[in-house]
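The data block below is run-v3.txt; it holds compact mmCIF, C-alpha atoms.
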```txt
# COMPACT_ATOMS: atom_id res chain seq x y z
CA MET Y 19 -12.21 -15.25 86.92
CA SER Y 20 -8.72 -13.84 86.39
CA ARG Y 21 -6.62 -11.93 88.88
CA PRO Y 22 -6.06 -8.21 88.38
CA LYS Y 23 -2.79 -7.28 86.71
CA GLY Y 24 0.04 -7.07 89.24
CA SER Y 25 -1.72 -9.25 91.81
CA ILE Y 26 -0.37 -12.51 93.14
CA ASP Y 27 -2.05 -15.78 94.06
CA LYS Y 28 -2.45 -16.09 97.85
CA ASP Y 29 -1.16 -19.70 97.90
CA LEU Y 30 1.91 -18.69 95.89
CA LEU Y 31 2.48 -15.74 98.21
CA THR Y 32 2.32 -18.05 101.24
CA GLN Y 33 4.70 -20.53 99.61
CA ARG Y 34 7.20 -17.78 98.79
CA HIS Y 35 6.95 -16.42 102.34
CA LEU Y 36 7.71 -19.85 103.82
CA THR Y 37 10.65 -20.26 101.44
CA MET Y 38 12.00 -16.84 102.41
CA PHE Y 39 11.54 -17.57 106.12
CA ALA Y 40 13.39 -20.91 105.85
CA TYR Y 41 16.23 -19.40 103.81
CA GLN Y 42 16.53 -16.51 106.25
CA LYS Y 43 16.94 -18.92 109.17
CA GLU Y 44 19.59 -20.78 107.16
CA ILE Y 45 21.73 -17.67 106.51
CA ALA Y 46 21.12 -15.96 109.88
CA PRO Y 47 22.11 -13.43 111.10
CA PHE Y 48 22.16 -12.06 107.55
CA LEU Y 49 19.09 -11.07 105.55
CA PRO Y 50 18.51 -12.25 101.99
CA THR Y 51 19.30 -9.82 99.20
CA VAL Y 52 16.84 -9.03 96.42
CA ARG Y 53 18.98 -11.02 93.99
CA GLU Y 54 19.06 -14.01 96.34
CA LEU Y 55 15.28 -13.89 96.63
CA ARG Y 56 15.00 -13.66 92.83
CA ASP Y 57 16.97 -16.89 92.52
CA LEU Y 58 15.19 -18.55 95.44
CA TRP Y 59 11.75 -17.84 93.95
CA TYR Y 60 12.83 -18.55 90.34
CA LEU Y 61 11.85 -15.07 89.18
CA ASN Y 62 13.30 -13.33 86.13
CA THR Y 63 13.65 -9.78 87.44
CA THR Y 64 14.38 -7.96 90.66
CA SER Y 65 11.28 -5.85 90.06
CA ALA Y 66 9.20 -9.03 90.44
CA VAL Y 67 10.89 -9.55 93.82
CA HIS Y 68 10.04 -6.00 94.88
CA LEU Y 69 6.42 -6.56 93.83
CA THR Y 70 6.27 -9.77 95.88
CA LEU Y 71 7.81 -8.01 98.89
CA GLN Y 72 5.23 -5.22 98.50
CA HIS Y 73 2.46 -7.85 98.62
CA PHE Y 74 4.11 -9.35 101.72
CA VAL Y 75 4.10 -6.00 103.48
CA GLU Y 76 0.46 -5.36 102.54
CA SER Y 77 -0.45 -8.82 103.88
CA GLY Y 78 1.56 -8.35 107.09
CA LEU Y 79 3.96 -11.20 106.25
CA VAL Y 80 7.24 -9.27 106.49
CA ILE Y 81 8.70 -6.40 108.41
CA THR Y 82 10.50 -3.58 106.66
CA ARG Y 83 13.53 -2.04 108.29
CA GLU Y 84 14.99 1.24 107.08
CA ARG Y 85 18.73 1.74 107.54
CA GLY Y 86 20.15 4.88 106.03
CA ASP Y 87 19.50 4.74 102.32
CA LYS Y 88 18.65 1.01 102.26
CA THR Y 89 15.49 -0.92 102.99
CA PHE Y 90 15.73 -4.43 104.41
CA TYR Y 91 12.89 -6.94 104.53
CA TYR Y 92 12.73 -9.97 106.76
CA ALA Y 93 10.05 -12.63 107.00
CA ILE Y 94 8.28 -13.20 110.28
CA GLU Y 95 6.18 -16.08 111.49
CA LYS Y 96 2.51 -15.30 111.29
CA GLY Y 97 1.35 -13.70 114.50
CA ASP Y 98 4.83 -12.36 115.44
CA LYS Y 99 5.36 -8.61 115.33
```
As structure tokens, please, write out the structure in this file.
Amino acid sequence: MSRPKGSIDKDLLTQRHLTMFAYQKEIAPFLPTVRELRDLWYLNTTSAVHLTLQHFVESGLVITRERGDKTFYYAIEKGDK
């Protein structure tokens, strides 16, 4: 059975979340940029990063912060909010 178009494998999503969380701790107090995440996850486009972040938000794996005209995402440990 194939996944619906635009969906992402749950194991891959978890792996990317852990990678983002580790990288975020490494560069603290800064947050990773979309381009940094693209390189970190070996993706070809920034739109693929935005899609992954959207899946994170829907799964409760990241928090979104709005600041003026920019949106920042940061990974959280599961259970933290």
Ile94 (chain Y) environment, 10 Å, only C-alpha atoms, sequence neighbours closer than 2 positions dropped, as a ChimeraX atom specification: /Y:35-36,38-39,42,78-81,91-92,96-99
Can you pull out the residues contacting region 51-59 of chain Y? Cut-off 9 Å, using only C-alpha atoms, and skip same-chain residues under 3 positions away; I want them as a VMD selection string. chain Y and resid 34 37 to 38 41 62 to 64 66 to 68 90 to 91
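Atom to atom, CA of His73 (chain Y) and CA of Thr32 (chain Y) stand 10.5 Å apart.
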Report, in Å with one decimal, the straight-line distance from CA of Gly86 (chain Y) to CA of Leu61 (chain Y). 27.4 Å
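For the pair CA of Ala40 (chain Y) and CA of Ala93 (chain Y), the separation is 9.0 Å.
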Measuring atom to atom with all atoms listed in the file, identify which of Y:Leu31, Y:Thr89, Y:Ala46, Y:Arg83 is nearest to Leu69 (chain Y). Y:Leu31
As JSON, what would the box around region 64-69 of chain Y look like: edges along x, y and z, 3 Å added on every side, centre and edge lengths in Å to one decimal?
```
{"center_x": 10.4, "center_y": -7.7, "center_z": 92.5, "size_x": 14.0, "size_y": 9.7, "size_z": 10.8}
```
